[in-house]
>>> print(open('model.txt').read())   # compact mmCIF, C-alpha atoms
# COMPACT_ATOMS: atom_id res chain seq x y z
CA MET O 1 6.16 16.26 16.24
CA ALA O 2 6.96 19.51 14.46
CA ARG O 3 6.87 19.60 10.70
CA PRO O 4 8.69 22.02 8.38
CA PRO O 5 6.47 24.13 6.12
CA LEU O 6 6.18 23.52 2.40
CA ALA O 7 7.22 26.54 0.41
CA ALA O 8 5.87 25.90 -3.07
CA MET O 9 2.16 25.27 -2.48
CA PRO O 10 -0.32 24.26 0.23
CA GLU O 11 0.51 20.73 1.39
CA GLN O 12 -3.01 19.41 0.94
CA GLU O 13 -2.74 20.25 -2.80
CA MET O 14 0.73 18.77 -3.32
CA LEU O 15 1.66 15.23 -4.28
CA ALA O 16 4.05 13.63 -1.81
CA ILE O 17 5.32 11.32 -4.59
CA GLU O 18 4.99 11.82 -8.30
CA THR O 19 6.73 9.71 -10.93
CA ARG O 20 6.67 10.17 -14.68
CA ALA O 21 7.44 7.33 -17.11
CA LEU O 22 9.60 5.71 -14.40
CA SER O 23 11.28 2.58 -15.78
CA ARG O 24 13.97 0.13 -14.76
CA ARG O 25 14.68 -3.04 -16.72
CA PHE O 26 16.41 -6.25 -15.64
CA GLU O 27 17.48 -9.27 -17.64
CA GLY O 28 15.02 -12.10 -17.07
CA ARG O 29 12.85 -10.05 -14.68
CA HIS O 30 9.94 -7.69 -15.09
CA GLY O 31 11.44 -4.54 -13.56
CA VAL O 32 9.05 -1.58 -13.79
CA HIS O 33 7.73 0.13 -16.89
CA GLY O 34 6.40 3.67 -17.32
CA LEU O 35 5.20 4.13 -13.74
CA ALA O 36 3.10 7.25 -13.16
CA LEU O 37 2.57 7.23 -9.40
CA GLU O 38 0.56 9.99 -7.75
CA VAL O 39 0.62 9.79 -3.96
CA PRO O 40 -1.40 12.58 -2.30
CA SER O 41 0.15 14.34 0.66
CA GLY O 42 -1.30 13.10 3.95
CA SER O 43 -2.50 9.80 2.47
CA VAL O 44 -1.83 6.21 3.44
CA TYR O 45 -0.98 4.70 0.05
CA GLY O 46 -1.08 0.91 -0.16
CA PHE O 47 1.22 -0.34 -2.92
CA LEU O 48 -0.05 -3.80 -3.86
CA GLY O 49 1.24 -6.51 -6.12
CA PRO O 50 2.15 -10.20 -6.16
CA ASN O 51 5.72 -11.30 -5.49
CA GLY O 52 7.96 -10.24 -8.36
CA ALA O 53 5.60 -7.47 -9.50
CA GLY O 54 8.25 -4.78 -8.97
CA LYS O 55 7.23 -3.28 -5.62
CA THR O 56 10.69 -3.36 -4.04
CA THR O 57 12.29 -2.16 -7.28
CA THR O 58 9.90 0.81 -7.25
CA ILE O 59 10.74 1.63 -3.63
CA ARG O 60 14.47 1.49 -4.36
CA LEU O 61 13.94 3.89 -7.26
CA LEU O 62 11.96 6.25 -5.01
CA LEU O 63 14.83 6.25 -2.49
CA ALA O 64 17.57 6.63 -5.14
CA LEU O 65 18.99 3.21 -4.24
CA LEU O 66 18.59 2.25 -7.90
CA ARG O 67 19.17 4.42 -10.95
CA PRO O 68 16.18 4.52 -13.35
CA ASP O 69 16.66 3.76 -17.03
CA GLU O 70 14.03 6.38 -17.87
CA GLY O 71 11.67 8.79 -16.17
CA GLU O 72 11.83 10.89 -13.05
CA VAL O 73 10.77 11.01 -9.40
CA ARG O 74 9.49 14.08 -7.57
CA ILE O 75 9.13 14.26 -3.78
CA PHE O 76 6.86 17.10 -2.63
CA GLY O 77 7.45 18.71 -6.02
CA GLN O 78 11.26 18.53 -5.85
CA ARG O 79 12.98 16.44 -8.51
CA LEU O 80 15.11 13.56 -7.24
CA ALA O 81 18.32 13.07 -9.21
CA TRP O 82 21.11 10.53 -8.89
CA ASN O 83 23.58 13.32 -8.14
CA ASP O 84 21.14 15.51 -6.18
CA ARG O 85 19.26 13.78 -3.38
CA ARG O 86 18.11 16.80 -1.44
CA ALA O 87 14.49 15.75 -2.07
CA LEU O 88 15.07 12.83 0.30
CA ARG O 89 15.52 15.15 3.28
CA ASP O 90 11.78 14.89 3.87
CA VAL O 91 11.72 11.09 3.56
CA GLY O 92 12.10 8.37 6.18
CA SER O 93 12.20 4.73 5.16
CA MET O 94 12.35 1.16 6.38
CA VAL O 95 13.20 -1.31 3.64
CA GLU O 96 13.21 -4.97 4.64
CA THR O 97 14.49 -5.71 8.20
CA PRO O 98 15.68 -2.67 10.21
CA SER O 99 19.40 -2.57 11.00
CA LEU O 100 19.71 -2.51 14.78
CA TYR O 101 22.42 -3.05 17.39
CA PRO O 102 20.97 -5.86 19.56
CA HIS O 103 23.38 -5.26 22.47
CA LEU O 104 22.24 -1.63 22.78
CA SER O 105 18.97 -0.30 24.13
CA ALA O 106 16.34 1.29 21.89
CA ARG O 107 17.36 4.73 23.13
CA GLU O 108 21.04 4.01 22.42
CA ASN O 109 20.20 2.78 18.91
CA LEU O 110 18.37 6.02 18.25
CA GLU O 111 21.24 8.04 19.73
CA VAL O 112 23.69 6.49 17.25
CA THR O 113 21.48 7.59 14.34
CA ARG O 114 20.78 11.00 15.91
CA ARG O 115 24.49 11.76 16.03
CA LEU O 116 24.89 10.78 12.38
CA LEU O 117 22.00 13.09 11.47
CA ASP O 118 23.10 15.81 13.91
CA GLY O 119 19.52 16.03 15.15
CA ALA O 120 18.08 17.31 18.40
CA ARG O 121 18.08 14.96 21.41
CA ALA O 122 14.39 15.72 21.96
CA HIS O 123 13.61 13.92 18.71
CA ILE O 124 14.52 10.60 20.34
CA ASP O 125 11.78 10.85 22.94
CA GLU O 126 9.32 12.09 20.33
CA ALA O 127 10.02 9.14 18.02
CA LEU O 128 9.79 6.63 20.89
CA ALA O 129 6.47 8.11 21.97
CA ILE O 130 5.00 7.93 18.47
CA VAL O 131 5.83 4.22 18.08
CA GLY O 132 4.79 3.39 21.66
CA LEU O 133 8.19 2.34 23.00
CA SER O 134 8.79 5.01 25.64
CA ALA O 135 8.34 2.52 28.50
CA GLU O 136 10.73 0.03 26.85
CA ALA O 137 13.32 2.57 25.70
CA ASP O 138 16.11 1.35 28.00
CA ARG O 139 15.71 -2.39 27.34
CA ARG O 140 18.31 -4.05 25.13
CA VAL O 141 17.00 -4.68 21.65
CA ARG O 142 17.98 -8.37 21.82
CA ASP O 143 15.12 -8.76 24.32
CA TYR O 144 12.58 -7.13 21.98
CA SER O 145 9.90 -9.05 20.12
CA LEU O 146 9.87 -8.86 16.32
CA GLY O 147 6.97 -6.41 16.45
CA MET O 148 8.88 -4.14 18.84
CA ARG O 149 11.92 -4.25 16.56
CA GLN O 150 9.76 -3.24 13.60
CA ARG O 151 8.40 -0.31 15.60
CA LEU O 152 11.93 0.68 16.59
CA GLY O 153 12.91 0.57 12.92
CA ILE O 154 10.08 2.99 12.20
CA ALA O 155 11.27 5.20 15.08
CA LEU O 156 14.68 5.36 13.39
CA ALA O 157 12.98 6.41 10.16
CA LEU O 158 11.07 9.14 12.04
CA LEU O 159 14.09 10.52 13.86
CA HIS O 160 14.68 13.40 11.43
CA GLN O 161 10.95 14.23 11.40
CA PRO O 162 10.11 13.33 7.79
CA ARG O 163 6.91 14.26 6.01
CA LEU O 164 6.93 11.03 3.99
CA LEU O 165 7.51 7.54 5.36
CA VAL O 166 8.23 4.65 2.96
CA LEU O 167 7.74 1.12 4.32
CA ASP O 168 8.50 -2.05 2.37
CA GLU O 169 6.40 -5.01 3.62
CA PRO O 170 6.49 -3.80 7.26
CA THR O 171 4.25 -6.62 8.53
CA ASN O 172 6.49 -9.46 7.28
CA GLY O 173 6.87 -12.09 10.00
CA LEU O 174 4.61 -10.35 12.51
CA ASP O 175 2.04 -12.26 14.54
CA PRO O 176 -1.59 -10.99 14.55
CA ALA O 177 -0.99 -8.79 17.60
CA GLY O 178 2.05 -7.21 15.97
CA ILE O 179 0.09 -6.57 12.78
CA VAL O 180 -2.66 -4.80 14.73
CA GLU O 181 -0.05 -2.66 16.54
CA LEU O 182 1.55 -1.67 13.25
CA ARG O 183 -1.83 -0.90 11.67
CA THR O 184 -2.70 1.42 14.56
CA LEU O 185 0.70 3.09 14.32
CA VAL O 186 0.33 3.79 10.58
CA GLN O 187 -3.13 5.26 11.12
CA ARG O 188 -1.83 7.53 13.90
CA MET O 189 1.10 8.78 11.84
CA ALA O 190 -1.26 9.92 9.10
CA SER O 191 -4.15 11.23 11.19
CA GLU O 192 -2.30 12.79 14.14
CA PHE O 193 1.02 13.84 12.63
CA GLY O 194 0.13 14.42 8.97
CA ILE O 195 2.83 12.05 7.75
CA THR O 196 2.25 10.57 4.31
CA VAL O 197 2.78 6.80 4.46
CA PHE O 198 3.68 4.79 1.35
CA LEU O 199 3.69 1.09 2.16
CA SER O 200 3.99 -2.04 0.08
CA SER O 201 2.18 -5.10 1.34
CA HIS O 202 0.69 -8.43 0.34
CA LEU O 203 -1.68 -8.49 3.35
CA LEU O 204 -4.64 -7.11 1.48
CA SER O 205 -7.10 -7.30 4.35
CA GLU O 206 -4.78 -5.11 6.42
CA VAL O 207 -4.26 -2.58 3.62
CA GLU O 208 -8.01 -2.36 3.13
CA GLN O 209 -8.41 -1.23 6.75
CA ILE O 210 -5.87 1.59 6.64
CA ALA O 211 -5.26 2.74 3.05
CA THR O 212 -6.84 5.92 1.73
CA HIS O 213 -5.35 5.21 -1.71
CA VAL O 214 -4.04 2.10 -3.44
CA GLY O 215 -1.87 1.29 -6.42
CA VAL O 216 -1.97 -2.18 -8.00
CA LEU O 217 1.24 -3.29 -9.70
CA HIS O 218 1.48 -6.35 -11.95
CA GLN O 219 4.47 -7.42 -14.02
CA GLY O 220 6.03 -4.01 -13.52
CA ARG O 221 3.03 -2.03 -14.74
CA LEU O 222 0.53 0.02 -12.75
CA LEU O 223 -2.92 -1.46 -13.39
CA PHE O 224 -4.89 0.84 -11.10
CA GLN O 225 -4.34 3.86 -8.88
CA GLY O 226 -6.86 5.71 -6.75
CA THR O 227 -9.05 5.25 -3.72
CA PRO O 228 -10.43 1.81 -2.77
CA GLN O 229 -13.89 3.26 -3.40
CA ALA O 230 -12.89 4.27 -6.94
CA LEU O 231 -11.49 0.80 -7.53
CA ARG O 232 -14.79 -0.77 -6.57
CA ALA O 233 -16.72 1.79 -8.61
CA GLN O 234 -14.60 1.09 -11.68
CA TYR O 235 -14.96 -2.66 -11.54
CA GLY O 236 -18.37 -2.79 -9.88
CA ASP O 237 -19.85 -5.32 -7.51
CA PRO O 238 -20.93 -8.69 -8.92
CA LEU O 239 -24.57 -9.62 -9.24
CA THR O 240 -25.26 -12.71 -7.12
CA ILE O 241 -28.25 -14.93 -7.88
CA ARG O 242 -29.48 -17.71 -5.61
CA CYS O 243 -31.59 -20.13 -7.61
CA GLY O 244 -32.95 -23.65 -7.85
CA ASP O 245 -31.11 -24.76 -11.03
CA VAL O 246 -27.68 -23.21 -11.51
CA ARG O 247 -27.00 -24.89 -14.83
CA ALA O 248 -30.27 -23.64 -16.37
CA VAL O 249 -29.81 -20.10 -15.02
CA CYS O 250 -26.25 -19.99 -16.39
CA ALA O 251 -27.55 -21.04 -19.82
CA SER O 252 -30.16 -18.27 -19.73
CA LEU O 253 -27.56 -15.70 -18.70
CA VAL O 254 -25.32 -16.75 -21.58
CA GLY O 255 -28.33 -16.25 -23.84
CA LEU O 256 -28.55 -12.68 -22.50
CA GLY O 257 -24.94 -12.06 -23.46
CA GLU O 258 -23.53 -12.38 -19.93
CA VAL O 259 -20.64 -14.50 -18.65
CA PRO O 260 -21.91 -16.26 -15.49
CA LEU O 261 -19.82 -18.05 -12.87
CA ALA O 262 -21.32 -20.86 -10.79
CA LEU O 263 -20.12 -20.35 -7.20
CA ASP O 264 -21.84 -23.43 -5.76
CA ALA O 265 -24.85 -25.68 -6.41
CA HIS O 266 -27.32 -22.83 -5.85
CA THR O 267 -25.39 -19.59 -6.51
CA VAL O 268 -24.40 -17.79 -9.71
CA SER O 269 -22.26 -14.65 -10.00
CA VAL O 270 -22.20 -12.39 -13.05
CA ASN O 271 -20.33 -9.13 -13.76
CA ALA O 272 -23.27 -7.37 -15.38
CA PRO O 273 -23.66 -3.58 -15.23
CA ARG O 274 -25.96 -2.44 -12.43
CA ARG O 275 -28.40 -0.91 -14.94
CA ALA O 276 -29.10 -4.43 -16.26
CA ASP O 277 -30.35 -5.81 -12.92
CA HIS O 278 -34.05 -5.26 -13.55
CA GLU O 279 -33.93 -6.70 -17.07
CA ILE O 280 -31.96 -9.80 -15.99
CA ASN O 281 -34.36 -10.48 -13.13
CA ARG O 282 -37.40 -10.02 -15.36
CA ARG O 283 -36.06 -12.33 -18.07
CA LEU O 284 -35.09 -15.09 -15.62
CA VAL O 285 -38.52 -15.01 -13.98
CA GLU O 286 -40.27 -15.00 -17.37
CA GLN O 287 -38.26 -18.08 -18.34
CA GLY O 288 -39.61 -19.89 -15.29
CA HIS O 289 -36.49 -20.01 -13.14
CA ALA O 290 -36.94 -20.26 -9.35
CA ILE O 291 -35.01 -17.21 -8.05
CA HIS O 292 -34.54 -17.26 -4.27
CA ALA O 293 -32.27 -14.20 -3.88
CA PHE O 294 -31.03 -11.52 -6.26
CA GLY O 295 -28.63 -8.71 -5.39
CA ARG O 296 -25.17 -7.19 -5.41
CA SER O 297 -22.29 -8.55 -3.28
CA PRO O 298 -19.59 -5.96 -2.51
CA ARG O 299 -16.16 -7.10 -3.62
CA SER O 300 -13.37 -6.99 -1.09
CA LEU O 301 -10.07 -5.34 -2.01
CA GLU O 302 -8.59 -8.84 -1.99
CA THR O 303 -11.09 -10.08 -4.58
CA LEU O 304 -10.44 -7.11 -6.85
CA PHE O 305 -6.69 -7.58 -6.47
CA PHE O 306 -6.81 -11.19 -7.60
CA GLU O 307 -9.08 -10.30 -10.52
CA LEU O 308 -6.60 -7.65 -11.64
CA THR O 309 -3.48 -9.77 -11.19
CA GLY O 310 -4.78 -13.26 -11.88
CA PRO O 311 -4.18 -15.40 -15.00
CA GLY O 312 -4.33 -13.30 -18.12
CA ALA O 313 -4.09 -9.98 -16.27
CA GLY O 314 -1.91 -7.38 -17.89
CA ALA O 315 -1.79 -9.37 -21.10
>>> encode(input="model.txt", output="structure tokens")
Amino acid sequence: MARPPLAAMPEQEMLAIETRALSRRFEGRHGVHGLALEVPSGSVYGFLGPNGAGKTTTIRLLLALLRPDEGEVRIFGQRLAWNDRRALRDVGSMVETPSLYPHLSARENLEVTRRLLDGARAHIDEALAIVGLSAEADRRVRDYSLGMRQRLGIALALLHQPRLLVLDEPTNGLDPAGIVELRTLVQRMASEFGITVFLSSHLLSEVEQIATHVGVLHQGRLLFQGTPQALRAQYGDPLTIRCGDVRAVCASLVGLGEVPLALDAHTVSVNAPRRADHEINRRLVEQGHAIHAFGRSPRSLETLFFELTGPGAGA
């Protein structure tokens, strides 16, 4: 899949998406407030947030389907304006369910869009090959599974050979096999074709497997942005203590100024800084506690997400 060159600066140094103070307000809803997105070119950016956080609103702003109240959007350095959408020439998107003609074949669906875009016929076969539908190209879409329809929707978004692909909850309704197919497809688009993928999702375990960068949105505000590794580094991994008397160990930890959480009858978790491990262990042993195991338990992206967006978050 050929890609047009970037004129302004080397692509690896350019942000595919950059927003500054991007805001859109709604009566009775959160909207989005002061978003400062930075999506590196070539990344798979997982845009995470609970329902109602503002993910779809953000995507509609990025695609100029909504007019912002404040702020701006830049795509590969080019400013997107309500009356100047040339920046979107490098963007393909699939928002919600793809619009398809069920009585036509996949190839015929793509041909309809190709004519509207005045693109090359060869792009149809290229798009079908990328999404793995070449062998099924002449079947009517009404006979496609949901996963195949989602892949065809992505093929439509790839037809004009974009450098940025925006996907809004692309795994909605898919069975496990369809989710795996879509995950593999997203990874290939980034690694083999250099396409930047910006996708919103609530399937955190899936995002964790494919995302090079994540943004966590809550009540319309961006709580974190960066790599999953940076997210874990910022919030750390909890100290897990297996012991004989959870209640007594919790009391001792409170006495040390920590805030322990009893996970079960024999396990305590505490968000202490790593530099405190030796001192905590020494003090617990000196106080006569029976400590059976003591160490750090890596947080999953899902755990961090719920800690960031749970009760009291963003307050």
>>> atom_distance(input="model.txt", atom1="atom CA of Asn172 of chain O", atom2="atom CA of Arg24 of chain O")
25.2 Å
>>> closest_residue(input="model.txt", among="O:Thr303, O:Ser99, O:Thr240, O:Gln287", to="Leu256 of chain O", atoms="all atoms listed in the file")
O:Gln287
>>> residues_near_point(input="model.txt", point="(2.4, 13.0, -5.9)", cutoff="7 Å", atoms="all atoms listed in the file", output="compact mmCIF listing (two decimals) with C-alpha atoms, keeping the file's coordinate frame")
# COMPACT_ATOMS: atom_id res chain seq x y z
CA MET O 14 0.73 18.77 -3.32
CA LEU O 15 1.66 15.23 -4.28
CA ALA O 16 4.05 13.63 -1.81
CA ILE O 17 5.32 11.32 -4.59
CA GLU O 18 4.99 11.82 -8.30
CA LEU O 37 2.57 7.23 -9.40
CA GLU O 38 0.56 9.99 -7.75
CA VAL O 39 0.62 9.79 -3.96
CA PRO O 40 -1.40 12.58 -2.30
CA PHE O 76 6.86 17.10 -2.63
>>> closest_residue(input="model.txt", among="O:Ser297, O:Ser145, O:Asn51, O:Ser41", to="Pro238 of chain O", atoms="all atoms listed in the file")
O:Ser297
>>> closest_residue(input="model.txt", among="O:Thr113, O:Thr58, O:His103, O:His202", to="Ala155 of chain O", atoms="only C-alpha atoms")
O:Thr113
>>> closest_atom_pairs(input="model.txt", of="segment 177-227 of chain O", to="segment 123-142 of chain O", cutoff="10 Å", atoms="only C-alpha atoms", output="CSV")
residue,atom,partner,partner_atom,distance
O:Glu181,CA,O:Val131,CA,9.2
O:Leu182,CA,O:Val131,CA,8.7
O:Thr184,CA,O:Val131,CA,9.6
O:Leu185,CA,O:Val131,CA,6.5
O:Val186,CA,O:Val131,CA,9.3
O:Arg188,CA,O:Ile130,CA,8.2
O:Met189,CA,O:Ile130,CA,7.7
O:Glu192,CA,O:Ile130,CA,9.8
O:Phe193,CA,O:Ile130,CA,9.2
>>> closest_residue(input="model.txt", among="O:Phe198, O:Ile280, O:Val166, O:Ile241", to="Ala262 of chain O", atoms="only C-alpha atoms")
O:Ile241
